[in-house]
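Working notes, beginning with the structure itself.
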Amino acid sequence: MSQSSGRPAPASDETVTSRDQLVRYLESGAKPSSAWRIGTEHEKFGFEVDTLRPLAFEGERGIEAVLRGLTRFGWQPMEEGGRVVGLKMGKGSVTLEPGGQVELSGEPLDSLHDTCCEVNEHLKEVKEVADPLGVAFLGVGFQPKWRLADIPQMPKKRYRIMTRYMPTRGGHALEMMYRTATVQANLDFDSEADMIRKFRVGLALQPVATALFANSPFTEGRPNGYLSYRSSVWMDTDPDRCGDLPFVFESGMGFERYVDYALDVPMLLVVRDGVAVDAAGQSFRDFMAGRLPALPGEYPTLDDWETHLTTLFPEVRLKHFLEMRGADGGPWGRLCALPALWKGLLYDTTALDAAWDLVKEWTAEERWRLRAEVPHKALNAEIRGRSVRDIAREVLNIAEAGLRRIDRRNDSGQDERVFLADLFEVVDNGRTPAELLLDEFHNDWHGDIDPIFREHAY
């Protein structure tokens, strides 16, 4: 098991020929707790207000028009093939998912108050651009109305490569790409040991987050029998690069072990001169030996390694930080709740210890069974005779105490616990966002899915 060195990050253009360089890359993400930040990412579905159809890329009110409109706020365009396919500002970005889901990848910020201001500012900017175009955006975990065949494709070669390859690995891979949306939280670690503890707690409790944020009960206009269908889709996407990574809980876990896992996952692509090169199914180990069929005689850089790491999709993902990836996309008011949950659990030592005590005896089989039950049952799933609702209440109490001890306040004197209020309401009522949507569908909407676009748009 390697030890964190505290060395600065190696240069991104460094040529990679050894496993040790890849380990060092992950090690370099460690930083003292005084430098810890939190980042939030969220995806949302664009639609035409009059027809409710998903936004095409081109056209007067297409995705590209929205992206170009956002440049008035200082965002810099990112182009591929002469088309604007993303935006950049500082360390933040606005990017496109395969089905046109628009994603804000927020900057690493000092407090949840800052994070929530960033999310709110972004959504206000999007609304200011979208309203005159007659388009809007919806935050749910799965496209509730339109078929896969109805979803326009985005002009990014990366996604054309994935569209060809991913269905060979899982029956719901295209559903994942084109019809799901999520909210994620990114967190730091100060050492290898700290990374391991946070990774384990994050993986074990990811189904609890999935249940709390369950918000994808509809497919093609009808209830689909799930509360988090998005989560179920991920279970049949690609076993090579998805899942809950049982090895993380085994002795010997560390940066080296994660590198070995990542090296064993087949590649998807390499980027050269801003263009994705198809390397689907090929080996990064061969790349390091100069034997990659897609680029014979070439050797990878650390940029290529970083690209490869972004094509791994486990429930918790390690890069220079840890990504918590198990939650459905949701409404404006809940986008700050996910980073609040994970900060409270993972950024306070006492809370992290308490969270680990809660899950450390769970076996790999028990964790897998919980992961499989939660998409259907959410808070009513069970592990070791306890309901997820009961566990979630304990988890929220731990997170709340962690945020109280961290004690970061806004100008009104509120600490970060304020962002957990929606999650406590879910536990207190025993009803997930998905169940509230189902009530509206059956009662207020009389079995018609269309009102979701009016009543739950950002």
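Chains: A, B, ... in order of the structure tokens. Residues: from 1 per chain. Ligands: from 1, in order shown.
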
Report as a Markdown table the residues of region 327-419 of chain A within 9 Å of region 240-261 of chain A, each with its shortest atom pair and distance in Å (one decimal), using only C-alpha atoms, ordered by chain and increasing residue number.
```
| residue | atom | partner | partner_atom | distance |
| --- | --- | --- | --- | --- |
| A:Lys360 | CA | A:Phe249 | CA | 8.9 |
| A:Ala364 | CA | A:Pro246 | CA | 6.3 |
| A:Arg367 | CA | A:Asp244 | CA | 8.4 |
| A:Trp368 | CA | A:Asp244 | CA | 7.7 |
| A:Arg371 | CA | A:Asp244 | CA | 8.4 |
```

Within 10 Å of region 83-92 of chain A, which residues of region 30-65 of chain A come that close, and what is the closest atom pair and distance in Å for each? Count only C-alpha atoms and give it as JSON lines.
```
{"residue": "A:Gly39", "atom": "CA", "partner": "A:Gly92", "partner_atom": "CA", "distance": 9.2}
{"residue": "A:Thr40", "atom": "CA", "partner": "A:Gly92", "partner_atom": "CA", "distance": 9.9}
{"residue": "A:Glu41", "atom": "CA", "partner": "A:Gly92", "partner_atom": "CA", "distance": 9.6}
{"residue": "A:Phe57", "atom": "CA", "partner": "A:Val85", "partner_atom": "CA", "distance": 9.0}
{"residue": "A:Glu58", "atom": "CA", "partner": "A:Arg83", "partner_atom": "CA", "distance": 9.4}
{"residue": "A:Ile63", "atom": "CA", "partner": "A:Val85", "partner_atom": "CA", "distance": 8.6}
{"residue": "A:Glu64", "atom": "CA", "partner": "A:Val84", "partner_atom": "CA", "distance": 6.0}
{"residue": "A:Ala65", "atom": "CA", "partner": "A:Val84", "partner_atom": "CA", "distance": 8.8}
```

_Per-residue DSSP, region 26-58 of chain A, filtered to strand (DSSP E), as number ranges by chain_ = A: 38-48

Let me see the file: selected residues, N, CA and C atoms, as a PDB file, in the first residue's frame.
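Output below, filename out03.pdb:
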```pdb
ATOM      1  N   ILE A  38     -15.434  21.489  -1.666  1.00  0.00           N
ATOM      2  CA  ILE A  38     -16.519  20.612  -2.103  1.00  0.00           C
ATOM      3  C   ILE A  38     -17.055  21.118  -3.434  1.00  0.00           C
ATOM      4  N   GLY A  39     -17.273  20.199  -4.348  1.00  0.00           N
ATOM      5  CA  GLY A  39     -17.820  20.539  -5.653  1.00  0.00           C
ATOM      6  C   GLY A  39     -19.127  19.814  -5.884  1.00  0.00           C
ATOM      7  N   THR A  40     -20.016  20.454  -6.621  1.00  0.00           N
ATOM      8  CA  THR A  40     -21.326  19.866  -6.911  1.00  0.00           C
ATOM      9  C   THR A  40     -21.550  19.837  -8.413  1.00  0.00           C
ATOM     10  N   GLU A  41     -22.059  18.721  -8.908  1.00  0.00           N
ATOM     11  CA  GLU A  41     -22.407  18.582 -10.317  1.00  0.00           C
ATOM     12  C   GLU A  41     -23.875  18.184 -10.409  1.00  0.00           C
ATOM     13  N   HIS A  42     -24.569  18.766 -11.362  1.00  0.00           N
ATOM     14  CA  HIS A  42     -25.940  18.301 -11.561  1.00  0.00           C
ATOM     15  C   HIS A  42     -26.321  18.386 -13.034  1.00  0.00           C
ATOM     16  N   GLU A  43     -27.150  17.426 -13.438  1.00  0.00           N
ATOM     17  CA  GLU A  43     -27.623  17.324 -14.821  1.00  0.00           C
ATOM     18  C   GLU A  43     -29.124  17.599 -14.858  1.00  0.00           C
ATOM     19  N   LYS A  44     -29.583  18.120 -16.011  1.00  0.00           N
ATOM     20  CA  LYS A  44     -30.996  18.441 -16.164  1.00  0.00           C
ATOM     21  C   LYS A  44     -31.402  18.253 -17.619  1.00  0.00           C
ATOM     22  N   PHE A  45     -32.689  17.933 -17.814  1.00  0.00           N
ATOM     23  CA  PHE A  45     -33.230  17.679 -19.147  1.00  0.00           C
ATOM     24  C   PHE A  45     -33.826  18.960 -19.724  1.00  0.00           C
ATOM     25  N   GLY A  46     -33.381  19.356 -20.910  1.00  0.00           N
ATOM     26  CA  GLY A  46     -33.988  20.474 -21.599  1.00  0.00           C
ATOM     27  C   GLY A  46     -35.191  20.031 -22.427  1.00  0.00           C
ATOM     28  N   PHE A  47     -36.171  20.921 -22.558  1.00  0.00           N
ATOM     29  CA  PHE A  47     -37.351  20.583 -23.367  1.00  0.00           C
ATOM     30  C   PHE A  47     -37.975  21.860 -23.915  1.00  0.00           C
ATOM     31  N   GLU A  48     -38.694  21.720 -25.014  1.00  0.00           N
ATOM     32  CA  GLU A  48     -39.458  22.830 -25.596  1.00  0.00           C
ATOM     33  C   GLU A  48     -40.738  23.008 -24.793  1.00  0.00           C
TER      34      GLU A  48
END
```

_Test item: residues at most 12 Å from Glu361 (chain A), only C-alpha atoms, excluding those fewer than 4 positions along its chain, as a ChimeraX atom specification_ = /A:200-201,204,249,355-357,365-367,383-384

Just-selected residues, N, CA and C atoms written as a short mmCIF file (atom, residue, chain, number, x, y, z; two decimals), in the first residue's frame:
```
data_model
loop_
_atom_site.label_atom_id
_atom_site.label_comp_id
_atom_site.auth_asym_id
_atom_site.auth_seq_id
_atom_site.Cartn_x
_atom_site.Cartn_y
_atom_site.Cartn_z
N ARG A 200 -14.86 3.84 1.52
CA ARG A 200 -15.66 2.74 2.06
C ARG A 200 -17.00 3.23 2.60
N VAL A 201 -16.98 4.31 3.36
CA VAL A 201 -18.23 4.85 3.88
C VAL A 201 -19.13 5.32 2.73
N ALA A 204 -20.63 2.20 0.94
CA ALA A 204 -21.60 1.49 1.76
C ALA A 204 -22.90 2.26 1.90
N PHE A 249 -13.23 -2.66 0.06
CA PHE A 249 -13.38 -3.06 1.46
C PHE A 249 -12.37 -4.12 1.88
N ALA A 355 -20.01 7.06 11.09
CA ALA A 355 -20.56 6.48 9.85
C ALA A 355 -19.89 5.13 9.56
N TRP A 356 -18.59 5.04 9.78
CA TRP A 356 -17.89 3.77 9.56
C TRP A 356 -18.37 2.71 10.54
N ASP A 357 -18.58 3.09 11.80
CA ASP A 357 -19.10 2.13 12.77
C ASP A 357 -20.46 1.59 12.34
N GLU A 365 -22.02 -9.27 0.28
CA GLU A 365 -23.31 -9.77 -0.19
C GLU A 365 -24.45 -8.89 0.31
N GLU A 366 -24.36 -8.46 1.57
CA GLU A 366 -25.41 -7.59 2.12
C GLU A 366 -25.43 -6.24 1.41
N ARG A 367 -24.26 -5.71 1.14
CA ARG A 367 -24.21 -4.42 0.43
C ARG A 367 -24.79 -4.56 -0.97
N ILE A 383 -31.52 -3.88 5.46
CA ILE A 383 -30.25 -4.56 5.61
C ILE A 383 -30.09 -4.92 7.09
N ARG A 384 -29.80 -6.17 7.36
CA ARG A 384 -29.64 -6.66 8.73
C ARG A 384 -30.85 -6.33 9.61
#
```

*Which neighbours of His122 (chain A) fall inside 10 Å, counting only C-alpha atoms, when residues of the same chain fewer than 4 positions from it are skipped, and could you give them as an NGL selection string?*
:A and (70 or 73 or 94 or 104 or 106 or 116-118 or 126-128)

*Using only C-alpha atoms, which residue out of A:Thr432, A:Gln21, A:Gln143, A:Gln206 lies closest to Arg222 (chain A)?*
A:Gln143

*Give me the residues within 9 Å of region 443-452 of chain A as a ChimeraX atom specification, counting only C-alpha atoms and dropping any in the same chain fewer than 5 places off.*
/A:52,138,144-145,218,220-222,437-438,457

For the residues in that selection, give me C-alpha atoms as a PDB file, in the first residue's frame.
```
ATOM      1  CA  LEU A  52     -42.373  19.197 -24.347  1.00  0.00           C
ATOM      2  CA  LEU A 138     -36.408  19.614 -15.653  1.00  0.00           C
ATOM      3  CA  PRO A 144     -40.225  10.769 -17.826  1.00  0.00           C
ATOM      4  CA  LYS A 145     -41.972  10.935 -21.213  1.00  0.00           C
ATOM      5  CA  PHE A 218     -41.710   7.241 -14.801  1.00  0.00           C
ATOM      6  CA  GLU A 220     -42.456   6.871 -21.394  1.00  0.00           C
ATOM      7  CA  GLY A 221     -45.287   8.552 -19.536  1.00  0.00           C
ATOM      8  CA  ARG A 222     -46.184   5.731 -17.148  1.00  0.00           C
ATOM      9  CA  LEU A 437     -44.484  12.518  -7.920  1.00  0.00           C
ATOM     10  CA  LEU A 438     -46.513   9.321  -8.167  1.00  0.00           C
ATOM     11  CA  ALA A 457     -39.287  22.739 -14.257  1.00  0.00           C
TER      12      ALA A 457
END
```

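Among the candidates A:Gln282, A:Gln153, A:Thr301, A:Thr51, the one nearest to Leu96 (chain A) when counting only C-alpha atoms is A:Gln153.
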
*asked:* To one decimal place in Å, what is the distance between CA of Gly281 (chain A) and CA of Tyr165 (chain A)?
replied: 8.0 Å

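Using only C-alpha atoms for every distance, the candidate list A:Gly402, A:Pro296, A:Gly99, A:Gly81 yields A:Gly402 as the residue closest to Trp342 (chain A).
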
*Calculate how many Å separate CA of Phe313 (chain A) from CA of Arg325 (chain A), rounding to one decimal.*
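One can read the CA of Phe313 (chain A) to CA of Arg325 (chain A) distance as 8.4 Å.
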
_Spatial neighbours of Ala289 (chain A), 9 Å, only C-alpha atoms, chain gap at least 6 places, as a ChimeraX atom specification_ = /A:17-18,297-299

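Residue neighbourhood of Asp110 (chain A), excluding near-sequence residues (fewer than 3 positions): Ser34, Ala35, Trp36, Arg37, Ile38, Gly39, Glu107, His113, Asp114, Thr115 and Arg408 of chain A, at 10 Å, using only C-alpha atoms.
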
Could those selected residues go to a file with N, CA and C atoms, as an mmCIF file, in the first residue's frame?
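Contents of the output file out.cif:
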```cif
data_model
loop_
_atom_site.group_PDB
_atom_site.id
_atom_site.type_symbol
_atom_site.label_atom_id
_atom_site.label_comp_id
_atom_site.auth_asym_id
_atom_site.auth_seq_id
_atom_site.Cartn_x
_atom_site.Cartn_y
_atom_site.Cartn_z
ATOM 1 N N SER A 34 -7.291 21.852 5.744
ATOM 2 C CA SER A 34 -7.517 23.289 5.576
ATOM 3 C C SER A 34 -7.757 23.664 4.122
ATOM 4 N N ALA A 35 -7.342 22.795 3.199
ATOM 5 C CA ALA A 35 -7.507 23.059 1.761
ATOM 6 C C ALA A 35 -8.657 22.268 1.150
ATOM 7 N N TRP A 36 -9.399 21.516 1.969
ATOM 8 C CA TRP A 36 -10.513 20.744 1.427
ATOM 9 C C TRP A 36 -11.595 21.665 0.880
ATOM 10 N N ARG A 37 -12.136 21.270 -0.228
ATOM 11 C CA ARG A 37 -13.227 21.989 -0.861
ATOM 12 C C ARG A 37 -14.331 20.990 -1.195
ATOM 13 N N ILE A 38 -15.434 21.489 -1.666
ATOM 14 C CA ILE A 38 -16.519 20.612 -2.103
ATOM 15 C C ILE A 38 -17.055 21.118 -3.434
ATOM 16 N N GLY A 39 -17.273 20.199 -4.348
ATOM 17 C CA GLY A 39 -17.820 20.539 -5.653
ATOM 18 C C GLY A 39 -19.127 19.814 -5.884
ATOM 19 N N GLU A 107 -17.294 24.665 -9.448
ATOM 20 C CA GLU A 107 -15.941 24.842 -8.943
ATOM 21 C C GLU A 107 -15.816 24.210 -7.558
ATOM 22 N N HIS A 113 -22.511 27.038 1.602
ATOM 23 C CA HIS A 113 -23.169 28.304 1.269
ATOM 24 C C HIS A 113 -22.683 28.796 -0.098
ATOM 25 N N ASP A 114 -21.372 28.695 -0.332
ATOM 26 C CA ASP A 114 -20.823 29.097 -1.627
ATOM 27 C C ASP A 114 -21.351 28.192 -2.742
ATOM 28 N N THR A 115 -21.392 26.892 -2.457
ATOM 29 C CA THR A 115 -21.871 25.933 -3.446
ATOM 30 C C THR A 115 -23.318 26.217 -3.825
ATOM 31 N N ARG A 408 -19.697 26.293 9.680
ATOM 32 C CA ARG A 408 -19.508 27.323 8.658
ATOM 33 C C ARG A 408 -20.822 28.069 8.484
#
```
